[in-house]
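Participant: I'm passing along model20.pdb; it holds PDB, C-alpha atoms and all ligand atoms.
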ATOM      1  CA  MET C   1       5.085 -33.342  30.714
ATOM      2  CA  THR C   2       6.765 -30.494  32.533
ATOM      3  CA  VAL C   3       6.846 -30.881  36.301
ATOM      4  CA  LEU C   4       7.633 -27.902  38.488
ATOM      5  CA  ILE C   5       8.752 -28.356  42.093
ATOM      6  CA  ALA C   6      10.109 -25.844  44.582
ATOM      7  CA  SER C   7      13.671 -26.348  45.750
ATOM      8  CA  ASP C   8      12.574 -26.611  49.407
ATOM      9  CA  GLN C   9      10.413 -29.637  48.524
ATOM     10  CA  ILE C  10      13.361 -31.262  46.770
ATOM     11  CA  GLU C  11      15.357 -30.581  49.931
ATOM     12  CA  ALA C  12      12.638 -32.294  52.000
ATOM     13  CA  ILE C  13      12.887 -35.386  49.782
ATOM     14  CA  LYS C  14      16.687 -35.366  50.128
ATOM     15  CA  THR C  15      16.458 -35.090  53.924
ATOM     16  CA  HIS C  16      14.013 -37.987  54.058
ATOM     17  CA  ALA C  17      16.190 -40.113  51.747
ATOM     18  CA  THR C  18      19.300 -39.424  53.812
ATOM     19  CA  SER C  19      17.514 -40.434  57.018
ATOM     20  CA  THR C  20      16.389 -43.824  55.669
ATOM     21  CA  TYR C  21      19.649 -44.654  53.828
ATOM     22  CA  PRO C  22      20.645 -47.421  53.030
ATOM     23  CA  GLU C  23      16.959 -48.222  52.695
ATOM     24  CA  GLU C  24      14.580 -46.590  50.243
ATOM     25  CA  CYS C  25      12.335 -43.788  51.401
ATOM     26  CA  CYS C  26       8.996 -42.959  49.798
ATOM     27  CA  GLY C  27       6.275 -40.351  49.977
ATOM     28  CA  PHE C  28       3.602 -38.406  48.173
ATOM     29  CA  LEU C  29       3.726 -35.464  45.781
ATOM     30  CA  LEU C  30       0.835 -33.043  46.257
ATOM     31  CA  GLY C  31       0.034 -30.451  43.634
ATOM     32  CA  VAL C  32      -2.146 -29.178  40.838
ATOM     33  CA  ASP C  33      -2.278 -29.710  37.084
ATOM     34  CA  SER C  34      -2.640 -26.870  34.602
ATOM     35  CA  ALA C  35      -0.439 -26.358  31.546
ATOM     36  CA  LEU C  36       2.217 -27.905  33.747
ATOM     37  CA  ARG C  37       2.112 -30.051  36.821
ATOM     38  CA  THR C  38       3.135 -28.066  39.890
ATOM     39  CA  ILE C  39       4.109 -29.870  43.081
ATOM     40  CA  HIS C  40       3.475 -27.704  46.121
ATOM     41  CA  ARG C  41       4.032 -30.136  48.920
ATOM     42  CA  THR C  42       5.454 -33.521  49.820
ATOM     43  CA  ILE C  43       4.298 -35.905  52.546
ATOM     44  CA  SER C  44       6.606 -38.660  53.719
ATOM     45  CA  ALA C  45       5.377 -42.241  54.053
ATOM     46  CA  SER C  46       6.801 -45.384  55.615
ATOM     47  CA  ASN C  47       8.365 -47.962  53.356
ATOM     48  CA  ALA C  48       6.017 -50.892  53.905
ATOM     49  CA  ASN C  49       8.036 -53.368  51.880
ATOM     50  CA  ALA C  50       8.761 -56.354  54.108
ATOM     51  CA  GLU C  51      11.424 -58.178  52.077
ATOM     52  CA  SER C  52      13.892 -55.764  50.545
ATOM     53  CA  ARG C  53      13.743 -52.118  51.591
ATOM     54  CA  ARG C  54      17.204 -51.442  50.153
ATOM     55  CA  ASN C  55      15.895 -51.657  46.594
ATOM     56  CA  ARG C  56      12.113 -51.713  46.867
ATOM     57  CA  TYR C  57       9.317 -49.757  48.422
ATOM     58  CA  ASN C  58       5.625 -50.214  48.986
ATOM     59  CA  ILE C  59       3.183 -47.741  50.441
ATOM     60  CA  ASP C  60       0.552 -48.770  52.960
ATOM     61  CA  PRO C  61      -2.964 -48.092  51.577
ATOM     62  CA  MET C  62      -3.808 -46.310  54.847
ATOM     63  CA  ASP C  63      -1.013 -43.822  54.139
ATOM     64  CA  PHE C  64      -2.625 -43.149  50.749
ATOM     65  CA  ILE C  65      -5.954 -42.399  52.399
ATOM     66  CA  ARG C  66      -4.363 -40.070  54.957
ATOM     67  CA  ALA C  67      -2.333 -38.230  52.310
ATOM     68  CA  ASP C  68      -5.396 -37.866  50.095
ATOM     69  CA  GLU C  69      -7.394 -36.348  52.971
ATOM     70  CA  GLU C  70      -4.510 -34.010  53.732
ATOM     71  CA  ALA C  71      -4.285 -32.956  50.079
ATOM     72  CA  ARG C  72      -7.989 -32.157  49.812
ATOM     73  CA  LYS C  73      -7.839 -29.900  52.852
ATOM     74  CA  THR C  74      -5.571 -27.559  50.908
ATOM     75  CA  ASN C  75      -7.224 -28.038  47.490
ATOM     76  CA  LEU C  76      -4.353 -30.160  46.220
ATOM     77  CA  ASN C  77      -4.310 -33.638  44.706
ATOM     78  CA  ILE C  78      -1.876 -36.495  45.003
ATOM     79  CA  VAL C  79      -0.119 -36.138  41.644
ATOM     80  CA  GLY C  80       2.685 -38.594  42.228
ATOM     81  CA  ILE C  81       5.080 -40.515  44.410
ATOM     82  CA  TYR C  82       8.715 -39.941  45.263
ATOM     83  CA  HIS C  83      11.220 -42.536  46.388
ATOM     84  CA  SER C  84      14.959 -42.959  46.718
ATOM     85  CA  HIS C  85      17.436 -45.364  45.137
ATOM     86  CA  PRO C  86      20.241 -46.084  47.608
ATOM     87  CA  ASP C  87      23.457 -46.641  45.631
ATOM     88  CA  ALA C  88      21.501 -47.011  42.405
ATOM     89  CA  PRO C  89      20.776 -44.665  39.486
ATOM     90  CA  ALA C  90      17.946 -42.121  39.442
ATOM     91  CA  ARG C  91      15.832 -44.145  37.051
ATOM     92  CA  PRO C  92      12.919 -46.489  37.759
ATOM     93  CA  SER C  93      13.629 -50.186  38.282
ATOM     94  CA  GLN C  94      11.741 -53.115  36.795
ATOM     95  CA  PHE C  95       9.995 -53.472  40.168
ATOM     96  CA  ASP C  96       8.935 -49.806  39.929
ATOM     97  CA  LEU C  97       7.564 -50.411  36.414
ATOM     98  CA  GLU C  98       5.533 -53.399  37.522
ATOM     99  CA  HIS C  99       4.015 -51.459  40.425
ATOM    100  CA  ALA C 100       3.503 -48.067  38.772
ATOM    101  CA  TRP C 101       0.140 -46.435  38.194
ATOM    102  CA  PRO C 102      -0.798 -44.415  35.133
ATOM    103  CA  TRP C 103      -0.861 -40.610  35.270
ATOM    104  CA  TYR C 104       1.282 -40.279  38.416
ATOM    105  CA  THR C 105       4.617 -38.506  38.356
ATOM    106  CA  TYR C 106       7.383 -40.633  39.867
ATOM    107  CA  ILE C 107      10.309 -38.681  41.265
ATOM    108  CA  VAL C 108      13.375 -40.845  41.836
ATOM    109  CA  LEU C 109      16.348 -39.614  43.870
ATOM    110  CA  SER C 110      19.680 -41.403  43.729
ATOM    111  CA  VAL C 111      21.588 -41.562  47.031
ATOM    112  CA  GLN C 112      25.249 -42.542  46.724
ATOM    113  CA  ASN C 113      27.105 -43.489  49.921
ATOM    114  CA  GLY C 114      24.463 -41.668  51.936
ATOM    115  CA  VAL C 115      24.678 -38.457  49.887
ATOM    116  CA  PRO C 116      21.727 -37.331  47.681
ATOM    117  CA  LYS C 117      22.765 -37.007  44.021
ATOM    118  CA  ASP C 118      20.685 -37.027  40.830
ATOM    119  CA  VAL C 119      16.930 -36.540  40.810
ATOM    120  CA  SER C 120      14.586 -37.217  37.911
ATOM    121  CA  ALA C 121      10.861 -37.509  37.181
ATOM    122  CA  TRP C 122       9.026 -40.178  35.205
ATOM    123  CA  VAL C 123       5.548 -41.091  34.021
ATOM    124  CA  LEU C 124       4.257 -44.458  32.847
ATOM    125  CA  SER C 125       3.773 -44.771  29.072
ATOM    126  CA  GLU C 126       0.241 -45.281  27.723
ATOM    127  CA  ASP C 127       0.754 -49.018  27.161
ATOM    128  CA  ARG C 128       2.489 -49.353  30.554
ATOM    129  CA  SER C 129       5.521 -51.004  28.964
ATOM    130  CA  ASN C 130       8.032 -48.394  30.135
ATOM    131  CA  PHE C 131       8.528 -44.973  31.705
ATOM    132  CA  ARG C 132       8.912 -41.702  29.878
ATOM    133  CA  GLN C 133      11.121 -39.099  31.501
ATOM    134  CA  ASP C 134       9.394 -35.884  32.493
ATOM    135  CA  ASP C 135      10.956 -32.460  32.224
ATOM    136  CA  LEU C 136      11.617 -31.750  35.926
ATOM    137  CA  ARG C 137      12.166 -28.083  36.764
ATOM    138  CA  ILE C 138      13.239 -26.978  40.209
ATOM    139  CA  SER C 139      12.255 -23.446  41.134
ATOM    140  CA  GLY C 140      14.049 -21.273  43.672
ATOM    141  CA  ALA C 141      12.689 -20.814  47.166
TER     142      ALA C 141
HETATM  143 ZN    ZN C 201      12.667 -47.576  42.547
END
Could I get this file's structure written as structure tokens?

Facilitator:
Amino acid sequence: MTVLIASDQIEAIKTHATSTYPEECCGFLLGVDSALRTIHRTISASNANAESRRNRYNIDPMDFIRADEEARKTNLNIVGIYHSHPDAPARPSQFDLEHAWPWYTYIVLSVQNGVPKDVSAWVLSEDRSNFRQDDLRISGA
């Protein structure tokens, strides 16, 4: 799938990821689906993982409810989740695979030594055995 996101939303993800480094940040991708999936907005969430926030994240179900309400107000849907990988590559981990939901776009941002680097987008395969990489396109502001 092709995923379109505005550069200012990518910047918002980078700012969030820098602020939580060396722990992972996470948040929601709000948008609409047509021929492509367009992400119009991001909403940050707290990393609710209690054991290992440097390489794992969990999102509080209450944050999901709040983000969903926020999305509906502007006729958007939650179409995915973003999170960062401090000092790790911009590809989903085994933990991410085990906790992923179908249909969602997962944007992963690598942060190396506190500096945002590569960003990529992924979707769970039909049989849930792995991720397929999406075609992530960043549009100008
Ligand atoms: Zn991850």

Participant: Of the candidates C:Ser44, C:Asn130, C:Gln9, C:Thr15, which one gets nearest to C:Asp96 if we count all atoms listed in the file?

Facilitator: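 Nearest to C:Asp96: C:Asn130.
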
Participant: Check what the PyMOL selection byres (((chain C and resi 2) around 8) and not hetatm) selects in the file above and give those residues as a list in words.

Facilitator: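 After applying the PyMOL selection byres (((chain C and resi 2) around 8) and not hetatm), what remains is Met1, Val3, Leu4, Leu36, Arg37, Asp134, Asp135, Leu136 and Arg137 of chain C.
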
Participant: Rank nothing, just name the residue among C:Ala17, C:Leu29, C:Ile107, C:Leu76 nearest to ligand ZN 201 (chain C), using only C-alpha atoms and all ligand atoms.

Facilitator: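 So, comparing all the options, the nearest one is C:Ile107.
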
Participant: Go through the shown structure with the PyMOL selection byres (((not hetatm)) within 7 of (chain C and resi 201)) and write out the matching residues as a PDB file with C-alpha atoms, in the coordinates of the input.

Facilitator:
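What follows is the written file expr_10.pdb:
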ATOM      1  CA  ASN C  55      15.895 -51.657  46.594  1.00  0.00           C
ATOM      2  CA  ARG C  56      12.113 -51.713  46.867  1.00  0.00           C
ATOM      3  CA  HIS C  83      11.220 -42.536  46.388  1.00  0.00           C
ATOM      4  CA  SER C  84      14.959 -42.959  46.718  1.00  0.00           C
ATOM      5  CA  HIS C  85      17.436 -45.364  45.137  1.00  0.00           C
ATOM      6  CA  PRO C  92      12.919 -46.489  37.759  1.00  0.00           C
ATOM      7  CA  SER C  93      13.629 -50.186  38.282  1.00  0.00           C
ATOM      8  CA  PHE C  95       9.995 -53.472  40.168  1.00  0.00           C
ATOM      9  CA  ASP C  96       8.935 -49.806  39.929  1.00  0.00           C
ATOM     10  CA  VAL C 108      13.375 -40.845  41.836  1.00  0.00           C
TER      11      VAL C 108
END

Participant: Taking into account all atoms listed in the file, which residue in the set C:Ala90, C:Leu30, C:Leu109, C:Tyr57 is nearest to C:Glu70?

Facilitator: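 Using all atoms listed in the file, C:Glu70 sits closest to C:Leu30.
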
Participant: May I ask which of the residues C:Glu23, C:Glu11, C:Asp33, C:Glu98 is the closest one to C:Ala48, counting all atoms listed in the file?

Facilitator: C:Glu23

Participant: One number please: atom CA of C:Lys73 to atom CA of C:Ala45, in Å, one decimal.

Facilitator: 18.1 Å

Participant: Could you list, as a list of chain:residue names, every residue matched by the PyMOL selection byres (((chain C and resi 71) around 12) and not hetatm) in this structure?

Facilitator: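 For this structure, the PyMOL selection byres (((chain C and resi 71) around 12) and not hetatm) resolves to C:Phe28, C:Leu29, C:Leu30, C:Gly31, C:Val32, C:Ile39, C:His40, C:Arg41, C:Thr42, C:Ile43, C:Phe64, C:Ile65, C:Arg66, C:Ala67, C:Asp68, C:Glu69, C:Glu70, C:Arg72, C:Lys73, C:Thr74, C:Asn75, C:Leu76, C:Asn77, C:Ile78, C:Val79, C:Gly80.
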
Participant: Out of C:Pro86, C:Ser34, C:Ile81, C:Arg128, which residue has the shortest atom-to-atom distance to C:Ser52 when counting only C-alpha atoms?

Facilitator: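 Closest residue, counting only C-alpha atoms: C:Pro86.
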
Participant: So, counting all atoms listed in the file, which residue among C:Asn58, C:Asn47, C:Thr38, C:Gln133 is closest to C:Thr20?

Facilitator: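 So, comparing all the options, the nearest one is C:Asn47.
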
Participant: Have a look at atom CA of C:Arg53 and atom CA of C:Ala6 and let me know their distance in Å, one decimal.

Facilitator: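 Going from atom CA of C:Arg53 over to atom CA of C:Ala6 covers 27.4 Å.
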
Participant: To one decimal in Å, tell me the separation between atom CA of C:Ala88 and atom CA of C:Gln112.

Facilitator: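 For atom CA of C:Ala88 relative to atom CA of C:Gln112, the distance reads 7.3 Å.
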
Participant: For stretch 63-69 of chain C, I'd like the enclosing box, axis-aligned and padded by 5 Å on every side, reported as AutoDock Vina command-line options with centre and edge lengths in Å to one decimal.

Facilitator:
--center_x -4.2 --center_y -40.1 --center_z 52.5 --size_x 16.4 --size_y 17.5 --size_z 14.9

Participant: Place a sphere of radius 8 Å on (19.2, -36.4, 44.3) in the file coordinates and name every protein, DNA or RNA residue with an atom inside or on its surface, counting all atoms listed in the file; give the answer as a PyMOL selection string.

Facilitator: chain C and resi 14+90+108-111+116-120

Participant: Could stretch 32-56 of chain C be completed with N, CA and C atoms and written as an mmCIF file, keeping the file's coordinate frame, please?

Facilitator:
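Saved the output as out-v5.cif:
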data_model
loop_
_atom_site.group_PDB
_atom_site.id
_atom_site.type_symbol
_atom_site.label_atom_id
_atom_site.label_comp_id
_atom_site.auth_asym_id
_atom_site.auth_seq_id
_atom_site.Cartn_x
_atom_site.Cartn_y
_atom_site.Cartn_z
ATOM 1 N N VAL C 32 -1.046 -29.471 41.752
ATOM 2 C CA VAL C 32 -2.146 -29.178 40.838
ATOM 3 C C VAL C 32 -1.648 -29.293 39.400
ATOM 4 N N ASP C 33 -2.582 -29.631 38.505
ATOM 5 C CA ASP C 33 -2.278 -29.710 37.084
ATOM 6 C C ASP C 33 -2.903 -28.529 36.363
ATOM 7 N N SER C 34 -2.102 -27.862 35.550
ATOM 8 C CA SER C 34 -2.640 -26.870 34.602
ATOM 9 C C SER C 34 -1.881 -27.121 33.311
ATOM 10 N N ALA C 35 -1.276 -26.108 32.721
ATOM 11 C CA ALA C 35 -0.439 -26.358 31.546
ATOM 12 C C ALA C 35 0.745 -27.229 31.967
ATOM 13 N N LEU C 36 1.205 -27.020 33.188
ATOM 14 C CA LEU C 36 2.217 -27.905 33.747
ATOM 15 C C LEU C 36 1.709 -28.503 35.044
ATOM 16 N N ARG C 37 2.440 -29.443 35.531
ATOM 17 C CA ARG C 37 2.112 -30.051 36.821
ATOM 18 C C ARG C 37 2.990 -29.387 37.869
ATOM 19 N N THR C 38 2.363 -28.755 38.857
ATOM 20 C CA THR C 38 3.135 -28.066 39.890
ATOM 21 C C THR C 38 2.981 -28.801 41.218
ATOM 22 N N ILE C 39 4.111 -29.180 41.790
ATOM 23 C CA ILE C 39 4.109 -29.870 43.081
ATOM 24 C C ILE C 39 4.361 -28.839 44.175
ATOM 25 N N HIS C 40 3.383 -28.714 45.068
ATOM 26 C CA HIS C 40 3.475 -27.704 46.121
ATOM 27 C C HIS C 40 3.962 -28.264 47.450
ATOM 28 N N ARG C 41 3.783 -29.570 47.608
ATOM 29 C CA ARG C 41 4.032 -30.136 48.920
ATOM 30 C C ARG C 41 4.401 -31.602 48.808
ATOM 31 N N THR C 42 5.186 -32.086 49.743
ATOM 32 C CA THR C 42 5.454 -33.521 49.820
ATOM 33 C C THR C 42 5.044 -34.017 51.202
ATOM 34 N N ILE C 43 4.624 -35.276 51.262
ATOM 35 C CA ILE C 43 4.298 -35.905 52.546
ATOM 36 C C ILE C 43 5.048 -37.231 52.594
ATOM 37 N N SER C 44 5.838 -37.425 53.628
ATOM 38 C CA SER C 44 6.606 -38.660 53.719
ATOM 39 C C SER C 44 5.708 -39.828 54.107
ATOM 40 N N ALA C 45 6.089 -41.017 53.685
ATOM 41 C CA ALA C 45 5.377 -42.241 54.053
ATOM 42 C C ALA C 45 6.400 -43.254 54.535
ATOM 43 N N SER C 46 5.908 -44.304 55.211
ATOM 44 C CA SER C 46 6.801 -45.384 55.615
ATOM 45 C C SER C 46 6.968 -46.350 54.458
ATOM 46 N N ASN C 47 8.154 -46.903 54.342
ATOM 47 C CA ASN C 47 8.365 -47.962 53.356
ATOM 48 C C ASN C 47 7.819 -49.256 53.931
ATOM 49 N N ALA C 48 6.709 -49.718 53.365
ATOM 50 C CA ALA C 48 6.017 -50.892 53.905
ATOM 51 C C ALA C 48 6.474 -52.198 53.271
ATOM 52 N N ASN C 49 7.530 -52.127 52.475
ATOM 53 C CA ASN C 49 8.036 -53.368 51.880
ATOM 54 C C ASN C 49 8.672 -54.230 52.967
ATOM 55 N N ALA C 50 8.299 -55.492 53.025
ATOM 56 C CA ALA C 50 8.761 -56.354 54.108
ATOM 57 C C ALA C 50 10.039 -57.106 53.755
ATOM 58 N N GLU C 51 10.321 -57.288 52.470
ATOM 59 C CA GLU C 51 11.424 -58.178 52.077
ATOM 60 C C GLU C 51 12.738 -57.468 51.787
ATOM 61 N N SER C 52 12.666 -56.331 51.102
ATOM 62 C CA SER C 52 13.892 -55.764 50.545
ATOM 63 C C SER C 52 13.828 -54.243 50.438
ATOM 64 N N ARG C 53 13.903 -53.571 51.592
ATOM 65 C CA ARG C 53 13.743 -52.118 51.591
ATOM 66 C C ARG C 53 14.943 -51.380 51.007
ATOM 67 N N ARG C 54 16.054 -52.112 50.755
ATOM 68 C CA ARG C 54 17.204 -51.442 50.153
ATOM 69 C C ARG C 54 16.986 -51.157 48.677
ATOM 70 N N ASN C 55 16.120 -51.920 48.024
ATOM 71 C CA ASN C 55 15.895 -51.657 46.594
ATOM 72 C C ASN C 55 14.426 -51.737 46.193
ATOM 73 N N ARG C 56 13.538 -51.705 47.184
ATOM 74 C CA ARG C 56 12.113 -51.713 46.867
ATOM 75 C C ARG C 56 11.352 -50.903 47.893
#
